[in-house]
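> Right, I'll just put the structure down here and ask away after.
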Amino acid sequence: MAERIIDATDMILGRVATYAAKMALNGDTVNVVNCEKARITGMRPVVLKDQLHMRERGNIRQGPYVFKNSDAYMRRVIRGMLPHKFDRGRRALARVKCFTGMPEAFKTKPAESFEDCHIKKVRSTKSMALAEVSVAVGGSR
C-alpha cells in the first residue's frame with residue numbers, strides 16, 4: 001500500500017500510537033520519526049514513578065520487557081494497540097518502524113502531523129518528553 005511518515009514532535013504518545021496502529025492494520029508501511037520528542041501527559045513524579053515501577057516488575061526471564069530507548073518504547077506502545085498475538089497483528093507490527101531523530105532517507109519526504117494528537121489539545125500543561133523518561137529509566141535518548 002502506501003508509505004506513511006509520522007512526525008511525533010510534540011504529539012501525545014498514545015494518540016500517535018493509535019493512528020500508527022490503525023494505518024498499519026490497513027496495510028500501510030508506517031515510519032514514526034522523532035520519537036524522542038513525543039510527549040507523555042501527567043505530572044513528572046507520577047509518570048517517572050509509573051515507568052520505574054514497570055521496569056521493576058517481573059524478572060529478566062519472564063518479562064514484562066520495557067525498553068529504555070525512546071524508539072523501542074514507542075514501538076512497544078504501538079504493539080499494545082495491535083492484536084500482536086494473531087497473524088494479522090504480527091504482519092501489521094512488521095510494517096511499523098520507529099526512529100529517533102529524522103533519518104536521511106525521510107528528510108526530503110513530507111511527514112504527517114495530526115492536529116488532534118498535538119499536545120496543545122490537552123487542557124493540562126503537565127507533560128514530559130519521551131526522551132526525558134528514557135534517560136530517567138537508564139537509557140539513552
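Simple scheme: letters A, B, ... for chains in C-alpha cells order, numbers from 1 for residues in each chain, numbers from 1 for ligands in the order shown.
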Among chain A, which residues carry a DSSP assignment of strand (DSSP E), reported as a PyMOL selection string?

chain A and resi 3-7+29-33+39-41+96-98+127-129

> Applying 12 Å and only C-alpha atoms, which residues near region 121-124 of chain A remain after dropping the ones on its own chain fewer than 3 positions away? List them as a short mmCIF file (atom, residue, chain, number, x, y, z; two decimals) with N, CA and C atoms, in the first residue's frame.


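See out05.cif below for the written result:
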```cif
data_model
loop_
_atom_site.label_atom_id
_atom_site.label_comp_id
_atom_site.auth_asym_id
_atom_site.auth_seq_id
_atom_site.Cartn_x
_atom_site.Cartn_y
_atom_site.Cartn_z
N ASP A 10 6.07 16.84 19.58
CA ASP A 10 5.01 17.48 20.40
C ASP A 10 3.65 16.81 20.22
N MET A 11 3.65 15.52 19.96
CA MET A 11 2.41 14.77 19.87
C MET A 11 2.28 13.89 21.11
N ILE A 12 1.04 13.59 21.49
CA ILE A 12 0.80 12.74 22.64
C ILE A 12 1.07 11.29 22.23
N ARG A 15 -1.90 8.77 21.49
CA ARG A 15 -2.72 9.15 20.33
C ARG A 15 -1.99 8.90 19.02
N ARG A 39 5.29 13.29 23.57
CA ARG A 39 5.02 13.73 24.93
C ARG A 39 4.17 12.71 25.67
N ILE A 40 4.45 12.53 26.95
CA ILE A 40 3.63 11.71 27.84
C ILE A 40 2.97 12.68 28.82
N THR A 41 1.65 12.65 28.90
CA THR A 41 0.94 13.59 29.76
C THR A 41 0.92 13.09 31.19
N GLY A 42 0.91 14.03 32.11
CA GLY A 42 0.86 13.72 33.53
C GLY A 42 1.94 14.46 34.28
N MET A 43 1.82 14.46 35.60
CA MET A 43 2.83 15.13 36.42
C MET A 43 4.13 14.33 36.39
N PHE A 114 -0.77 15.09 12.98
CA PHE A 114 -2.21 15.08 13.21
C PHE A 114 -2.57 16.14 14.24
N GLU A 115 -3.53 16.98 13.89
CA GLU A 115 -3.91 18.10 14.74
C GLU A 115 -4.52 17.64 16.07
N ASP A 116 -5.31 16.58 16.05
CA ASP A 116 -5.96 16.16 17.30
C ASP A 116 -5.02 15.36 18.20
N CYS A 117 -3.80 15.08 17.77
CA CYS A 117 -2.80 14.41 18.61
C CYS A 117 -1.87 15.40 19.28
N HIS A 118 -1.95 16.66 18.91
CA HIS A 118 -0.99 17.65 19.39
C HIS A 118 -1.19 17.92 20.87
N SER A 127 3.31 17.68 31.14
CA SER A 127 3.73 16.59 30.26
C SER A 127 5.25 16.58 30.23
N MET A 128 5.79 15.47 29.76
CA MET A 128 7.23 15.38 29.60
C MET A 128 7.56 14.61 28.34
#
```

> Tyr19 (chain A): which residues within 12 Å, counting only C-alpha atoms, same-chain residues fewer than 6 positions away excluded, as a PDB file with C-alpha atoms, in the first residue's frame?


```pdb
ATOM      1  CA  ARG A   4       3.385   6.923   5.686  1.00  0.00           C
ATOM      2  CA  ILE A   5       5.816   9.060   7.682  1.00  0.00           C
ATOM      3  CA  ILE A   6       4.546  10.388  11.013  1.00  0.00           C
ATOM      4  CA  ASP A   7       6.412  13.148  12.840  1.00  0.00           C
ATOM      5  CA  ALA A   8       5.883  12.616  16.589  1.00  0.00           C
ATOM      6  CA  MET A  11       2.408  14.767  19.871  1.00  0.00           C
ATOM      7  CA  ILE A  12       0.800  12.739  22.641  1.00  0.00           C
ATOM      8  CA  LEU A  13       2.348   9.274  22.704  1.00  0.00           C
ATOM      9  CA  LEU A  25      -3.675  -2.625  10.132  1.00  0.00           C
ATOM     10  CA  ASN A  26      -4.936  -1.058   6.900  1.00  0.00           C
ATOM     11  CA  ASP A  28       0.330   0.905   5.087  1.00  0.00           C
ATOM     12  CA  VAL A  30       4.322   3.348   8.925  1.00  0.00           C
ATOM     13  CA  ASN A  31       7.544   5.168   9.838  1.00  0.00           C
ATOM     14  CA  VAL A  32       7.400   7.198  13.051  1.00  0.00           C
ATOM     15  CA  VAL A  77       3.268   1.217  22.749  1.00  0.00           C
ATOM     16  CA  ILE A  78       2.121   0.739  19.148  1.00  0.00           C
ATOM     17  CA  MET A  81      -2.629  -1.194  20.187  1.00  0.00           C
ATOM     18  CA  LEU A  82      -2.355  -4.129  17.783  1.00  0.00           C
ATOM     19  CA  VAL A  96       5.876  -0.312  11.758  1.00  0.00           C
ATOM     20  CA  GLU A 112       2.350  13.811   8.549  1.00  0.00           C
ATOM     21  CA  SER A 113       1.259  15.543  11.721  1.00  0.00           C
ATOM     22  CA  PHE A 114      -2.207  15.079  13.207  1.00  0.00           C
ATOM     23  CA  GLU A 115      -3.905  18.102  14.744  1.00  0.00           C
ATOM     24  CA  ASP A 116      -5.956  16.156  17.295  1.00  0.00           C
ATOM     25  CA  CYS A 117      -2.805  14.412  18.606  1.00  0.00           C
TER      26      CYS A 117
END
```

> Residues at most 9 Å from Val137 (chain A), counting only C-alpha atoms, excluding those fewer than 4 positions away in the same chain, as a PyMOL selection string?

chain A and resi 48+51-52+55+68+132-133

> Export, as an mmCIF file, in the first residue's frame, the selected residues with N, CA and C atoms.


```cif
data_model
loop_
_atom_site.group_PDB
_atom_site.id
_atom_site.type_symbol
_atom_site.label_atom_id
_atom_site.label_comp_id
_atom_site.auth_asym_id
_atom_site.auth_seq_id
_atom_site.Cartn_x
_atom_site.Cartn_y
_atom_site.Cartn_z
ATOM 1 N N LEU A 48 7.253 9.273 36.124
ATOM 2 C CA LEU A 48 8.516 8.579 36.380
ATOM 3 C C LEU A 48 8.329 7.421 37.345
ATOM 4 N N GLN A 51 6.835 4.533 35.377
ATOM 5 C CA GLN A 51 7.798 3.919 34.475
ATOM 6 C C GLN A 51 8.813 3.073 35.239
ATOM 7 N N LEU A 52 9.290 3.582 36.363
ATOM 8 C CA LEU A 52 10.247 2.814 37.157
ATOM 9 C C LEU A 52 9.593 1.581 37.756
ATOM 10 N N ARG A 55 9.479 -1.093 35.147
ATOM 11 C CA ARG A 55 10.783 -1.716 34.924
ATOM 12 C C ARG A 55 11.126 -2.708 36.021
ATOM 13 N N LYS A 68 14.319 0.819 27.153
ATOM 14 C CA LYS A 68 14.844 2.069 27.669
ATOM 15 C C LYS A 68 14.912 3.153 26.607
ATOM 16 N N GLU A 132 13.079 12.348 28.043
ATOM 17 C CA GLU A 132 13.299 12.542 29.474
ATOM 18 C C GLU A 132 12.988 11.271 30.253
ATOM 19 N N VAL A 133 11.924 10.585 29.863
ATOM 20 C CA VAL A 133 11.550 9.336 30.523
ATOM 21 C C VAL A 133 12.621 8.282 30.253
#
```

> Could you check which of A:Thr29, A:Thr100, A:Thr108, A:Ser134 is closest to Thr9 (chain A), using only C-alpha atoms?

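When distances to Thr9 (chain A) are compared using only C-alpha atoms, the smallest one comes from A:Thr100.
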
> How many Å lie between CA of Thr18 (chain A) and CA of Lys49 (chain A), rounded to one decimal?

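Between these atoms lies a distance of 24.1 Å.
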
> Kindly give the distance, in Å, that separates CA of Gly80 (chain A) and CA of Ala24 (chain A), rounded to a single decimal.

12.9 Å

> In Å, how far is it from CA of Ala38 (chain A) to CA of Asn59 (chain A)?

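Calculated distance between CA of Ala38 (chain A) and CA of Asn59 (chain A) is 27.9 Å.
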
> Do a neighbour search on Asp71 (chain A) at 6 Å with only C-alpha atoms, toss out local chain neighbours closer than 2 positions, and write the hits as a ChimeraX atom specification.

/A:35,69,73-74,98-100

> Print the selection's residues with N, CA and C atoms to a file, as a PDB file, in the first residue's frame.


```pdb
ATOM      1  N   CYS A  35      10.788  10.154  17.614  1.00  0.00           N
ATOM      2  CA  CYS A  35      10.087   9.515  18.733  1.00  0.00           C
ATOM      3  C   CYS A  35      10.478  10.117  20.075  1.00  0.00           C
ATOM      4  N   ASN A  69      15.171   2.790  25.368  1.00  0.00           N
ATOM      5  CA  ASN A  69      15.310   3.785  24.310  1.00  0.00           C
ATOM      6  C   ASN A  69      13.950   4.227  23.799  1.00  0.00           C
ATOM      7  N   TYR A  73      10.592   2.079  22.794  1.00  0.00           N
ATOM      8  CA  TYR A  73       9.441   2.293  23.677  1.00  0.00           C
ATOM      9  C   TYR A  73       8.199   2.653  22.859  1.00  0.00           C
ATOM     10  N   MET A  74       8.371   3.509  21.871  1.00  0.00           N
ATOM     11  CA  MET A  74       7.249   3.898  21.006  1.00  0.00           C
ATOM     12  C   MET A  74       6.715   2.689  20.244  1.00  0.00           C
ATOM     13  N   CYS A  98      10.116   2.681  13.945  1.00  0.00           N
ATOM     14  CA  CYS A  98      10.227   3.899  14.745  1.00  0.00           C
ATOM     15  C   CYS A  98      11.688   4.343  14.764  1.00  0.00           C
ATOM     16  N   PHE A  99      11.894   5.647  14.699  1.00  0.00           N
ATOM     17  CA  PHE A  99      13.244   6.200  14.614  1.00  0.00           C
ATOM     18  C   PHE A  99      13.410   7.346  15.603  1.00  0.00           C
ATOM     19  N   THR A 100      14.605   7.426  16.175  1.00  0.00           N
ATOM     20  CA  THR A 100      14.987   8.575  16.975  1.00  0.00           C
ATOM     21  C   THR A 100      15.587   9.593  16.019  1.00  0.00           C
TER      22      THR A 100
END
```

> Please provide the set of residues having any atom within 8 Å of Gly101 (chain A), restricted to only C-alpha atoms, with same-chain residues fewer than 4 positions apart removed, written as a count of residues only.

4

> Using DSSP assignments from the backbone, pull out every residue in chain A that falls under alpha helix (DSSP H) and give it to me as a count of residues only.

52

> Within 10 Å of His84 (chain A), counting only C-alpha atoms, which residues qualify if same-chain residues fewer than 6 places away don't, as a list in words?

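My reading of the contact set: Ile78, Arg90, Arg91, Ala92, Leu93 and Ala94 of chain A.
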
> Given the choices A:Val66, A:Ala20, A:Ala111, A:Arg76, which gets closest to Gly138 (chain A) if the distance is worked out from only C-alpha atoms?

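Nearest candidate to Gly138 (chain A) out of A:Val66, A:Ala20, A:Ala111, A:Arg76: A:Val66.
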